[in-house]
Structure formats: structure tokens, C-alpha cells
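K.L.:
Dropping in coords.cif, with mmCIF, C-alpha atoms.
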data_final
loop_
_atom_site.label_atom_id
_atom_site.label_comp_id
_atom_site.auth_asym_id
_atom_site.auth_seq_id
_atom_site.Cartn_x
_atom_site.Cartn_y
_atom_site.Cartn_z
CA MET A 1 -33.34 17.48 -9.39
CA LYS A 2 -30.93 17.31 -6.51
CA VAL A 3 -28.49 20.23 -6.50
CA PRO A 4 -25.01 18.95 -5.54
CA THR A 5 -23.27 20.95 -2.84
CA ARG A 6 -20.02 18.98 -3.00
CA ARG A 7 -17.01 19.55 -5.23
CA PRO A 8 -16.39 17.03 -8.07
CA GLU A 9 -13.05 16.02 -6.48
CA GLU A 10 -14.88 14.78 -3.37
CA PHE A 11 -16.39 11.94 -5.45
CA LEU A 12 -13.02 10.61 -6.59
CA PRO A 13 -11.95 7.97 -7.15
CA LEU A 14 -15.12 6.69 -8.80
CA THR A 15 -15.84 2.97 -8.86
CA PRO A 16 -15.06 1.44 -12.27
CA ALA A 17 -18.79 0.79 -12.83
CA MET A 18 -19.69 4.42 -12.13
CA PHE A 19 -16.99 5.76 -14.42
CA HIS A 20 -18.04 3.42 -17.23
CA ILE A 21 -21.66 4.52 -16.85
CA LEU A 22 -20.65 8.19 -16.95
CA LEU A 23 -18.58 7.51 -20.08
CA ALA A 24 -21.50 5.70 -21.69
CA LEU A 25 -23.77 8.68 -21.02
CA ALA A 26 -21.18 11.31 -22.01
CA ASP A 27 -22.28 11.50 -25.65
CA LYS A 28 -26.02 10.81 -25.40
CA GLU A 29 -28.85 9.62 -23.20
CA ARG A 30 -29.31 5.86 -22.95
CA HIS A 31 -31.46 3.27 -21.20
CA GLY A 32 -30.05 0.52 -18.96
CA TYR A 33 -29.49 -2.12 -21.63
CA HIS A 34 -28.00 0.46 -23.98
CA ILE A 35 -25.50 1.49 -21.26
CA MET A 36 -24.61 -2.15 -20.64
CA ARG A 37 -24.03 -2.79 -24.37
CA GLU A 38 -21.97 0.39 -24.81
CA VAL A 39 -19.68 -0.54 -21.90
CA ASP A 40 -19.36 -4.09 -23.20
CA GLU A 41 -18.43 -2.92 -26.71
CA ARG A 42 -16.10 -0.12 -25.60
CA THR A 43 -14.15 -2.43 -23.27
CA GLU A 44 -14.15 -5.23 -25.86
CA GLY A 45 -16.08 -7.48 -23.51
CA ASN A 46 -13.75 -6.98 -20.54
CA VAL A 47 -16.33 -5.16 -18.40
CA LYS A 48 -19.80 -6.63 -18.15
CA LEU A 49 -22.20 -4.82 -15.87
CA GLY A 50 -24.80 -7.06 -14.27
CA PRO A 51 -28.33 -5.75 -13.55
CA GLY A 52 -27.60 -5.28 -9.81
CA THR A 53 -24.30 -3.47 -10.42
CA LEU A 54 -25.81 -1.28 -13.12
CA TYR A 55 -28.96 -0.22 -11.29
CA GLY A 56 -27.19 -0.01 -7.90
CA SER A 57 -24.72 2.43 -9.47
CA ILE A 58 -27.52 4.32 -11.24
CA LYS A 59 -29.37 4.71 -7.94
CA ARG A 60 -26.29 6.11 -6.18
CA MET A 61 -25.39 8.40 -9.08
CA MET A 62 -28.91 9.78 -9.27
CA GLY A 63 -28.77 10.35 -5.51
CA ASP A 64 -25.51 12.28 -5.93
CA GLY A 65 -26.86 14.32 -8.84
CA LEU A 66 -24.40 12.89 -11.40
CA ILE A 67 -27.09 11.58 -13.73
CA GLU A 68 -30.81 12.16 -14.12
CA GLU A 69 -33.73 10.25 -15.55
CA LEU A 70 -35.46 11.69 -18.58
CA GLU A 71 -39.08 12.55 -17.91
CA GLU A 72 -40.32 11.71 -21.39
CA ARG A 73 -40.84 8.06 -22.29
CA PRO A 74 -39.89 6.61 -25.69
CA ASP A 75 -42.43 6.40 -28.47
CA PRO A 76 -44.14 2.97 -27.98
CA GLU A 77 -43.86 2.32 -31.72
CA LEU A 78 -40.10 2.85 -31.74
CA ASP A 79 -39.07 1.46 -28.37
CA ASP A 80 -40.43 -0.31 -25.28
CA GLU A 81 -42.21 2.41 -23.31
CA ARG A 82 -41.23 0.76 -20.01
CA ARG A 83 -37.63 1.74 -20.60
CA ARG A 84 -36.16 4.54 -18.56
CA TYR A 85 -33.57 6.77 -20.17
CA TYR A 86 -30.76 8.45 -18.26
CA ARG A 87 -28.51 11.36 -19.08
CA LEU A 88 -25.48 13.06 -17.58
CA THR A 89 -26.02 16.23 -15.55
CA ASP A 90 -23.61 19.16 -15.79
CA PHE A 91 -22.24 18.15 -12.41
CA GLY A 92 -21.87 14.54 -13.59
CA PHE A 93 -19.90 15.80 -16.58
CA ARG A 94 -17.56 17.72 -14.24
CA VAL A 95 -17.08 14.64 -12.04
CA ALA A 96 -16.35 12.45 -15.09
CA THR A 97 -13.83 15.03 -16.34
CA ALA A 98 -12.14 15.19 -12.93
CA GLU A 99 -11.90 11.38 -12.82
CA ALA A 100 -10.49 11.25 -16.37
CA GLN A 101 -7.86 13.85 -15.40
CA ARG A 102 -6.97 11.83 -12.28
CA LEU A 103 -6.53 8.69 -14.35
CA GLU A 104 -4.48 10.62 -16.91
CA ARG A 105 -2.10 11.76 -14.15
CA MET A 106 -1.75 8.17 -12.98
CA VAL A 107 -0.98 6.95 -16.50
CA ARG A 108 1.63 9.73 -16.80
CA SER A 109 3.22 8.55 -13.54
CA ALA A 110 3.21 4.97 -14.81
CA ARG A 111 4.98 6.15 -18.00
CA ALA A 112 7.56 8.04 -15.96
CA LYS A 113 8.24 4.84 -14.03
CA LYS A 114 8.57 2.96 -17.33
CA LEU A 115 5.58 0.75 -16.62
CA LEU A 116 4.13 1.89 -19.93
CA PRO A 117 5.88 2.72 -23.22
CA ARG A 118 6.35 6.44 -23.90
CA THR A 119 4.08 8.04 -26.49
CA LYS A 120 5.66 9.76 -29.53
CA SER A 121 4.70 13.20 -28.23
CA GLY A 122 5.76 12.53 -24.63
CA MET B 1 -42.66 -10.25 -21.94
CA SER B 2 -43.02 -13.74 -23.30
CA LYS B 3 -43.13 -12.86 -27.02
CA ASN B 4 -40.69 -15.09 -29.02
CA LEU B 5 -38.95 -16.36 -25.89
CA SER B 6 -37.85 -19.90 -25.34
CA LYS B 7 -39.28 -21.88 -22.43
CA ASP B 8 -36.01 -21.92 -20.50
CA THR B 9 -35.62 -18.15 -20.89
CA GLU B 10 -39.15 -17.57 -19.61
CA TRP B 11 -38.45 -19.91 -16.73
CA PHE B 12 -35.22 -18.13 -15.89
CA LEU B 13 -36.87 -14.70 -15.98
CA SER B 14 -39.60 -15.95 -13.62
CA ILE B 15 -36.98 -17.33 -11.24
CA TYR B 16 -35.03 -14.05 -11.45
CA SER B 17 -38.18 -12.06 -10.64
CA ILE B 18 -38.55 -14.15 -7.48
CA LEU B 19 -34.85 -13.87 -6.64
CA LEU B 20 -35.15 -10.09 -6.74
CA LEU B 21 -36.81 -10.47 -3.33
CA VAL B 22 -33.30 -10.61 -1.86
CA TYR B 23 -32.90 -6.86 -2.59
CA PRO B 24 -34.35 -4.24 -0.21
CA ARG B 25 -38.00 -3.44 -0.94
CA GLU B 26 -37.40 0.18 -2.02
CA PHE B 27 -34.66 -0.86 -4.44
CA ARG B 28 -36.85 -3.64 -5.85
CA ARG B 29 -39.79 -1.31 -6.34
CA GLU B 30 -37.68 1.32 -8.03
CA TYR B 31 -35.52 -0.87 -10.28
CA GLY B 32 -36.89 -4.45 -10.16
CA SER B 33 -38.90 -4.19 -13.39
CA GLN B 34 -35.99 -2.46 -15.15
CA MET B 35 -33.63 -5.25 -14.09
CA VAL B 36 -35.97 -7.93 -15.46
CA LEU B 37 -36.35 -5.92 -18.67
CA LEU B 38 -32.57 -5.65 -18.96
CA LEU B 39 -32.19 -9.38 -18.58
CA LEU B 40 -34.91 -9.96 -21.14
CA ASP B 41 -32.96 -7.81 -23.62
CA CYS B 42 -29.77 -9.75 -22.85
CA GLN B 43 -31.53 -13.06 -23.43
CA ARG B 44 -33.01 -11.83 -26.72
CA ASP B 45 -29.58 -10.82 -27.99
CA ALA B 46 -27.84 -14.04 -26.92
CA ARG B 47 -28.08 -16.33 -29.92
CA THR B 48 -26.59 -19.55 -28.60
CA ALA B 49 -27.41 -21.70 -25.60
CA PRO B 50 -23.88 -21.33 -24.09
CA ALA B 51 -24.17 -17.53 -24.38
CA ARG B 52 -27.51 -17.61 -22.54
CA THR B 53 -26.04 -19.87 -19.87
CA ARG B 54 -23.15 -17.44 -19.37
CA ILE B 55 -25.64 -14.59 -18.91
CA TRP B 56 -27.58 -16.58 -16.29
CA PHE B 57 -24.42 -17.43 -14.42
CA ARG B 58 -23.15 -13.82 -14.50
CA THR B 59 -26.53 -12.51 -13.39
CA LEU B 60 -26.66 -14.85 -10.41
CA VAL B 61 -23.12 -13.91 -9.36
CA ASP B 62 -24.07 -10.23 -9.72
CA LEU B 63 -27.15 -10.77 -7.55
CA VAL B 64 -25.12 -12.45 -4.80
CA ARG B 65 -22.57 -9.62 -4.91
CA THR B 66 -24.89 -6.63 -5.04
CA ALA B 67 -27.84 -7.58 -2.79
CA PRO B 68 -25.79 -7.43 0.46
CA ARG B 69 -24.38 -4.06 -0.63
CA GLU B 70 -27.87 -2.62 -1.12
CA HIS B 71 -28.93 -3.92 2.31
CA LEU B 72 -25.84 -2.46 3.97
CA GLU B 73 -26.49 0.88 2.32
CA LYS B 74 -30.10 0.85 3.50
CA ILE B 75 -29.03 0.08 7.08
CA ARG B 76 -26.48 2.91 6.94
CA LYS B 77 -29.11 5.30 5.60
CA ASP B 78 -31.61 4.34 8.33
CA ASN B 79 -28.94 4.81 11.00
CA ASN B 80 -28.07 8.22 9.59
CA LEU B 81 -31.72 9.29 9.66
CA MET B 82 -32.06 8.24 13.30
CA ARG B 83 -28.79 9.90 14.22
CA ASN B 84 -29.81 13.11 12.44
CA LEU B 85 -33.17 13.08 14.22
CA ARG B 86 -31.50 12.66 17.61
CA THR B 87 -28.97 15.39 16.79
CA ASP B 88 -31.71 17.79 15.65
CA LEU B 89 -33.75 17.19 18.81
CA PHE B 90 -30.66 17.72 20.94
CA ALA B 91 -29.85 21.01 19.15
CA ILE B 92 -33.43 22.33 19.38
CA GLY B 93 -33.62 21.35 23.08
CA GLY B 94 -30.33 23.14 23.73
CA CYS B 95 -31.55 26.34 22.04
CA ILE B 96 -34.83 26.30 24.00
CA LEU B 97 -32.93 25.82 27.27
CA ILE B 98 -30.58 28.74 26.52
CA ILE B 99 -33.49 31.05 25.61
CA LEU B 100 -35.45 30.02 28.71
CA ALA B 101 -32.38 30.55 30.90
CA ALA B 102 -31.86 34.04 29.42
CA LEU B 103 -35.50 34.99 29.99
CA LEU B 104 -35.59 33.59 33.54
CA LEU B 105 -32.34 35.33 34.43
CA LEU B 106 -33.60 38.61 33.01
CA ASN B 107 -36.90 38.28 34.82
CA TYR B 108 -35.18 37.44 38.11
CA GLY B 109 -32.73 40.34 37.73
CA ARG B 110 -35.53 42.83 37.02
CA SER B 111 -37.85 41.67 39.77
CA HIS B 112 -35.08 41.53 42.41
CA GLN B 113 -33.09 44.47 41.00
CA VAL B 114 -29.90 42.41 40.85
CA SER B 115 -27.45 44.87 39.34
CA SER B 116 -24.93 42.24 38.24
CA ILE B 117 -27.63 40.63 36.08
CA LEU B 118 -29.09 43.89 34.87
CA VAL B 119 -25.70 44.93 33.51
CA PHE B 120 -26.17 42.17 30.95
CA GLY B 121 -29.88 42.94 30.53
CA PHE B 122 -29.57 44.30 26.99
CA ALA B 123 -27.56 41.30 25.87
CA LEU B 124 -29.96 38.84 27.52
CA ASP B 125 -32.90 40.58 25.84
CA ALA B 126 -31.20 40.35 22.46
CA ILE B 127 -30.12 36.74 23.00
CA ALA B 128 -33.71 35.71 23.79
CA PHE B 129 -35.19 37.58 20.81
CA THR B 130 -32.62 36.62 18.17
CA GLY B 131 -32.50 33.11 19.63
CA VAL B 132 -36.19 32.48 18.96
CA VAL B 133 -36.41 34.19 15.56
CA GLY B 134 -32.93 33.36 14.23
CA ASN B 135 -32.88 29.68 15.21
CA LEU B 136 -36.33 29.14 13.73
CA ILE B 137 -35.23 30.64 10.40
CA VAL B 138 -31.93 28.75 10.45
CA PHE B 139 -33.65 25.45 11.21
CA LEU B 140 -36.19 25.90 8.40
CA LEU B 141 -33.58 27.01 5.85
CA ILE B 142 -31.28 24.10 6.67
CA LYS B 143 -34.10 21.58 6.39
CA LEU B 144 -35.73 23.01 3.28
CA THR B 145 -32.73 24.11 1.22
CA ARG B 146 -29.26 22.81 0.50
CA PHE B 147 -27.37 25.94 1.62
CA ARG B 148 -24.39 25.38 3.88
CA PRO B 149 -25.61 25.39 7.52
CA LEU B 150 -22.85 27.63 8.88
CA ARG B 151 -23.34 30.19 6.12
CA VAL B 152 -27.08 30.16 6.74
CA ALA B 153 -26.47 30.74 10.47
CA PHE B 154 -24.04 33.58 9.78
CA PHE B 155 -26.32 35.58 7.49
CA THR B 156 -29.50 34.84 9.44
CA PHE B 157 -28.07 35.97 12.76
CA LEU B 158 -26.42 38.95 11.12
CA ILE B 159 -29.77 40.11 9.71
CA VAL B 160 -31.81 39.11 12.77
CA SER B 161 -29.38 41.01 15.05
CA LEU B 162 -28.77 44.06 12.88
CA ALA B 163 -32.35 44.74 11.82
CA PRO B 164 -33.92 45.10 15.30
CA ALA B 165 -30.84 46.89 16.65
CA ILE B 166 -30.99 49.58 13.97
CA ALA B 167 -34.81 49.80 14.01
CA LEU B 168 -34.94 50.05 17.80
CA THR B 169 -32.23 52.70 17.87
CA VAL B 170 -33.83 54.84 15.16
CA ILE B 171 -37.38 54.59 16.50
CA ALA B 172 -36.55 54.81 20.21
CA LEU B 173 -34.20 57.79 19.75
CA ALA B 174 -36.99 59.65 17.96
CA VAL B 175 -39.43 58.92 20.81
CA ASP B 176 -37.13 59.00 23.82
CA PRO B 177 -33.84 60.97 23.61
CA LYS B 178 -32.62 59.24 26.80
CA PHE B 179 -32.81 55.84 25.11
CA ASN B 180 -29.63 53.86 25.74
CA ALA B 181 -28.76 53.17 22.09
CA PRO B 182 -25.09 52.09 22.59
CA ASN B 183 -26.10 49.38 25.10
CA VAL B 184 -28.83 48.08 22.80
CA LEU B 185 -26.37 47.92 19.93
CA ILE B 186 -23.76 46.19 22.10
CA GLY B 187 -26.47 43.76 23.29
CA TYR B 188 -27.26 42.72 19.71
CA VAL B 189 -23.60 42.46 18.76
CA VAL B 190 -23.05 40.18 21.78
CA SER B 191 -26.13 38.21 20.78
CA PHE B 192 -24.84 37.80 17.21
CA PHE B 193 -21.47 36.47 18.37
CA PHE B 194 -23.13 34.29 21.00
CA TRP B 195 -25.50 32.50 18.58
CA TYR B 196 -23.15 32.38 15.62
CA GLY B 197 -20.40 31.14 17.94
CA LEU B 198 -22.68 28.38 19.18
CA HIS B 199 -23.53 27.35 15.60
CA TRP B 200 -19.85 27.38 14.68
CA LEU B 201 -19.04 25.21 17.70
CA TRP B 202 -21.93 22.89 16.81
CA SER B 203 -20.78 22.51 13.21
CA ASN B 204 -17.07 22.14 13.91
CA LYS B 205 -16.67 20.63 17.33
CA LEU B 206 -19.87 19.24 18.82
CA ARG B 207 -21.95 17.73 16.02
CA PRO B 208 -21.37 13.99 15.51
CA SER B 209 -19.91 13.23 12.07
CA GLU B 210 -22.59 12.38 9.49
CA THR B 211 -20.23 10.28 7.48
CA ALA B 212 -19.33 8.04 10.39
#
Taking this structure as input, can you express it in the form of C-alpha cells?

P.N.:
Amino acid sequence: MKVPTRRPEEFLPLTPAMFHILLALADKERHGYHIMREVDERTEGNVKLGPGTLYGSIKRMMGDGLIEELEERPDPELDDERRRYYRLTDFGFRVATAEAQRLERMVRSARAKKLLPRTKSG
Amino acid sequence: MSKNLSKDTEWFLSIYSILLLVYPREFRREYGSQMVLLLLDCQRDARTAPARTRIWFRTLVDLVRTAPREHLEKIRKDNNLMRNLRTDLFAIGGCILIILAALLLLNYGRSHQVSSILVFGFALDAIAFTGVVGNLIVFLLIKLTRFRPLRVAFFTFLIVSLAPAIALTVIALAVDPKFNAPNVLIGYVVSFFFWYGLHWLWSNKLRPSETA
């Protein structure tokens, strides 16, 4: 596995596709179609990743050490053995966290400028 | 692939497999089969004809959008490789020239007893020795590991300069009490700053940007 030498902040801002893929992999490992479905469901159909966008992003994220491919293949009786599963690396988790914090700061700024309604706690 | 699939879905998947030729070969080899498999899953899940048509349309738009990006990235990667190769050759050539110049100068000074050159004899000796050993280690470490180049250069030249300086001083003083230990030490200190300074200059001022 490639060992990243860069800081998580150097990857920000992430493209929307990359951030959605990281979010999809944050709780468990998934294969391509599973990632696509998770993003579709979580965004209520607003974000639909095409095959080129999905695998182009996966290629770049693997190159940057944000995600990795699982070596073991699924049981042929339970799943199609041609499927490749991906999971988040520790570094990928840190990058996703840094991006989430960046977005949180932006949302806070938008609230301060009254572009968004204030939350009860804020 | 064709289990329980309608004719039009099979036809579309065949067309898509051909259309994948618009992506760079490496990308196609690595992800082509996964992309077809993904589309197959999408088609299986789409229950109505309009839903399948929407998937086809979206997939074609995605292909038109992403294929040029993959080609651009490949071109950029190839350019970077060539630029890195040229830069490496230039750096190695520069080091060899410096070492040869130091050796020639030293040789000339000794054979013609040129005092102004011999004053720097210890430093030239050290520069030639640490230049050969240190640069070889630095080059290998940079190429084979992902350590930071400047840090690698610092520690390598520190060790490569300190080790022979201390060893020479200890051994030579035991054999020959008239051995000029301070000059040898100064020579290796000069050599350390010379080579590390060159690497610092190379990293910060001279090396063309890799991200350009």
C-alpha cells in the first residue's frame, strides 16, 4: 500500500464525487455498485455517480492512499466473485474528517451571514 | 453476463464495452470489466423501460465527460515521468562533474605542488569521497523509499561525513601522531555543508516544480 507523505489538508477541497465515496466507505467496505447505491440513497437521488466518475475517482483515491482494495474476493455463492471491494485507509479517514470540518466551517459562516437558519443550539 | 437480461440491455452492454475503447488502455484494463459489471447491476435493478433509458443516457454523458479527463491525466503523468527522468539525469551528471573536478584539481595541485590548491586539499578529498558515497545512498533512498529528499540528504551526508572523519582521526592519530586531524575534520565539515547545501539549493531553488 502506498504510504502518503502529504498532510490531509493538502487534499482539500475534495471533489464532491471523492467526498461522497469516502462517506460511503466510512462505515464499511463496499464494491462499486454498492458505493453508487449508497450515494444515491443518502443524497435522495440528487447525486448519481456514473461508472467513469466512480472508477476515475477510485483510481485517483487509491493512488493517493485514501482507499484500498481488499485482497480477498467475495464468496462466489454469496456474491459475484468478479466484484472488487474497497475500504477507507486510516489516511483516507483523516482526509474525510478534514473535509467534513472544512464544510462545517463553511456552513457556520453561511449561518452567520444568515444564508441558513440558525440551529437551536447555535 | 447475459442471464435474465433483456435483448436491449445485452445490446447496450455490448455497445458500452466497445465504447470503453475511448478510455486510455491502462484505465480500461484496470477498471473496464468493473464498469461493465456496474452497469449490468444498474440495468438489473431498473424495473421500467424509462428507468433503463435514463441509465443509458446518464452513462453516455458520463463517458463523454470522464474519458477526456482520463486522457489528460495520462498525458500529464507521462510528461511528469519524462521531466523527472531529465531532472534526475541532470542532477547525476552535475554530481559526477563536481566529483571529477575535485579529483582533477586535487591531482593537479599535488603533482604541480600548487599551494593555493593544496590548502583546500583536505576539503577536496572529503568532497570527492562523500560525493560518491553520499550521493549514491541519497539517490537510492529517494528512489526506493518515500522519505523526504532533503531530510534523506541531511542525514546521509551527516553520517557519510562524520563517520570517516572520526574513524580517520582515531586510527591515524594512533598510527601517526603528526596526523593533521583538525584539517581532516574541517575538510569533512566543509564537505557536509557543500553537498547538503547543493541538495538544499536543488530542492528549493533549482529543481523544476513537479506539480507544474

K.L.:
Select residues of chain B: the criterion is any atom within 7 Å of an atom of chain A, counting all atoms listed in the file; output as a count of residues only.

P.N.:
9

K.L.:
List the residues matched by the PyMOL selection byres ((chain A and resi 11-16) around 10) in the displayed structure as a PyMOL selection string, ordered by chain and then by residue number.

P.N.:
chain A and resi 6-10+17-22+47+57+64+95-96+98-100+102-103

K.L.:
Identify, on the basis of all atoms listed in the file, every residue whose closest approach to region 169-173 of chain B does not exceed 12 Å; exclude the query and any residue fewer than 3 positions from it along the same chain; express the result as a VMD selection string.

P.N.:
chain B and resid 162 to 166 176 to 188

K.L.:
One decimal, in Å: what's the spacing between CA of Thr145 (chain B) and CA of Ile96 (chain B)?

P.N.:
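Separating CA of Thr145 (chain B) from CA of Ile96 (chain B) is a distance of 23.0 Å.
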
K.L.:
Expressed in Å to a single decimal, how great is the separation between CA of Phe147 (chain B) and CA of Arg86 (chain B)?

P.N.:
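Going from CA of Phe147 (chain B) over to CA of Arg86 (chain B), I get 21.2 Å.
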
K.L.:
Going by the chain IDs and residue numbers used in this file, which residues fall under the PyMOL selection byres ((chain B and resi 15-18) around 10)? Write them as a list in words.

P.N.:
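With the shown file as input, the PyMOL selection byres ((chain B and resi 15-18) around 10) matches Thr9, Glu10, Trp11, Phe12, Leu13, Ser14, Leu19, Leu20, Leu21, Val22, Arg28, Gly32, Ser33, Met35, Val36, Leu39, Trp56, Thr59, Leu60 and Leu63 of chain B.
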
K.L.:
Can I get the selected residues back with C-alpha atoms, as a short mmCIF file (atom, residue, chain, number, x, y, z; two decimals), in the frame of the given file?

P.N.:
data_model
loop_
_atom_site.label_atom_id
_atom_site.label_comp_id
_atom_site.auth_asym_id
_atom_site.auth_seq_id
_atom_site.Cartn_x
_atom_site.Cartn_y
_atom_site.Cartn_z
CA THR B 9 -35.62 -18.15 -20.89
CA GLU B 10 -39.15 -17.57 -19.61
CA TRP B 11 -38.45 -19.91 -16.73
CA PHE B 12 -35.22 -18.13 -15.89
CA LEU B 13 -36.87 -14.70 -15.98
CA SER B 14 -39.60 -15.95 -13.62
CA LEU B 19 -34.85 -13.87 -6.64
CA LEU B 20 -35.15 -10.09 -6.74
CA LEU B 21 -36.81 -10.47 -3.33
CA VAL B 22 -33.30 -10.61 -1.86
CA ARG B 28 -36.85 -3.64 -5.85
CA GLY B 32 -36.89 -4.45 -10.16
CA SER B 33 -38.90 -4.19 -13.39
CA MET B 35 -33.63 -5.25 -14.09
CA VAL B 36 -35.97 -7.93 -15.46
CA LEU B 39 -32.19 -9.38 -18.58
CA TRP B 56 -27.58 -16.58 -16.29
CA THR B 59 -26.53 -12.51 -13.39
CA LEU B 60 -26.66 -14.85 -10.41
CA LEU B 63 -27.15 -10.77 -7.55
#

K.L.:
Might you pull out every residue within 10 Å of Lys28 (chain A), with only C-alpha atoms counted and same-chain residues fewer than 2 positions away left off, and present them as JSON, numbers by chain?

P.N.:
{"A": [23, 24, 25, 26, 30, 86, 87, 88]}

K.L.:
Which polymer residues have any atom within 9 Å of an atom of Asn135 (chain B), counting all atoms listed in the file, with same-chain residues fewer than 3 positions away left out, as JSON, numbers by chain?

P.N.:
{"B": [92, 95, 130, 131, 132, 138, 139, 140, 153, 156, 157, 195]}

K.L.:
Quick one: distance from CA of Arg25 (chain B) to CA of Arg83 (chain B) in Å, one decimal?

P.N.:
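Between these atoms lies a distance of 22.2 Å.
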
K.L.:
Residues near Leu66 (chain A), anyone? I mean within 6 Å using only C-alpha atoms, not counting same-chain ones fewer than 4 positions away, as a PyMOL selection string.

P.N.:
chain A and resi 61-62+89+91-92

K.L.:
Taking the file as shown, what set of residues would the PyMOL selection byres ((chain A and resi 73) around 8) give back, as a ChimeraX atom specification?

P.N.:
/A:70-72,74-75,81-85

K.L.:
Generate the coordinates of N, CA and C atoms for region 44-59 of chain B; report them as an mmCIF file, in the coordinates of the input.

P.N.:
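See part.cif below for the written result:
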data_model
loop_
_atom_site.group_PDB
_atom_site.id
_atom_site.type_symbol
_atom_site.label_atom_id
_atom_site.label_comp_id
_atom_site.auth_asym_id
_atom_site.auth_seq_id
_atom_site.Cartn_x
_atom_site.Cartn_y
_atom_site.Cartn_z
ATOM 1 N N ARG B 44 -32.593 -11.964 -25.317
ATOM 2 C CA ARG B 44 -33.010 -11.830 -26.720
ATOM 3 C C ARG B 44 -31.790 -11.748 -27.634
ATOM 4 N N ASP B 45 -30.769 -11.029 -27.148
ATOM 5 C CA ASP B 45 -29.580 -10.820 -27.990
ATOM 6 C C ASP B 45 -28.654 -12.039 -28.018
ATOM 7 N N ALA B 46 -28.729 -12.864 -26.954
ATOM 8 C CA ALA B 46 -27.840 -14.040 -26.920
ATOM 9 C C ALA B 46 -28.384 -15.085 -27.889
ATOM 10 N N ARG B 47 -27.553 -15.435 -28.869
ATOM 11 C CA ARG B 47 -28.080 -16.330 -29.920
ATOM 12 C C ARG B 47 -27.904 -17.803 -29.588
ATOM 13 N N THR B 48 -26.855 -18.123 -28.840
ATOM 14 C CA THR B 48 -26.590 -19.550 -28.600
ATOM 15 C C THR B 48 -26.908 -19.921 -27.160
ATOM 16 N N ALA B 49 -27.092 -21.206 -26.954
ATOM 17 C CA ALA B 49 -27.410 -21.700 -25.600
ATOM 18 C C ALA B 49 -26.257 -21.422 -24.618
ATOM 19 N N PRO B 50 -24.973 -21.640 -25.037
ATOM 20 C CA PRO B 50 -23.880 -21.330 -24.090
ATOM 21 C C PRO B 50 -23.849 -19.846 -23.705
ATOM 22 N N ALA B 51 -24.164 -18.974 -24.678
ATOM 23 C CA ALA B 51 -24.170 -17.530 -24.380
ATOM 24 C C ALA B 51 -25.254 -17.214 -23.356
ATOM 25 N N ARG B 52 -26.412 -17.836 -23.503
ATOM 26 C CA ARG B 52 -27.510 -17.610 -22.540
ATOM 27 C C ARG B 52 -27.123 -18.141 -21.164
ATOM 28 N N THR B 53 -26.455 -19.289 -21.152
ATOM 29 C CA THR B 53 -26.040 -19.870 -19.870
ATOM 30 C C THR B 53 -25.051 -18.952 -19.165
ATOM 31 N N ARG B 54 -24.131 -18.369 -19.960
ATOM 32 C CA ARG B 54 -23.150 -17.440 -19.370
ATOM 33 C C ARG B 54 -23.860 -16.237 -18.756
ATOM 34 N N ILE B 55 -24.890 -15.742 -19.436
ATOM 35 C CA ILE B 55 -25.640 -14.590 -18.910
ATOM 36 C C ILE B 55 -26.320 -14.965 -17.583
ATOM 37 N N TRP B 56 -26.918 -16.131 -17.527
ATOM 38 C CA TRP B 56 -27.580 -16.580 -16.290
ATOM 39 C C TRP B 56 -26.578 -16.630 -15.147
ATOM 40 N N PHE B 57 -25.433 -17.262 -15.460
ATOM 41 C CA PHE B 57 -24.420 -17.430 -14.420
ATOM 42 C C PHE B 57 -23.939 -16.064 -13.915
ATOM 43 N N ARG B 58 -23.633 -15.165 -14.856
ATOM 44 C CA ARG B 58 -23.150 -13.820 -14.500
ATOM 45 C C ARG B 58 -24.193 -13.051 -13.689
ATOM 46 N N THR B 59 -25.453 -13.225 -14.076
ATOM 47 C CA THR B 59 -26.530 -12.510 -13.390
ATOM 48 C C THR B 59 -26.666 -13.000 -11.944
#
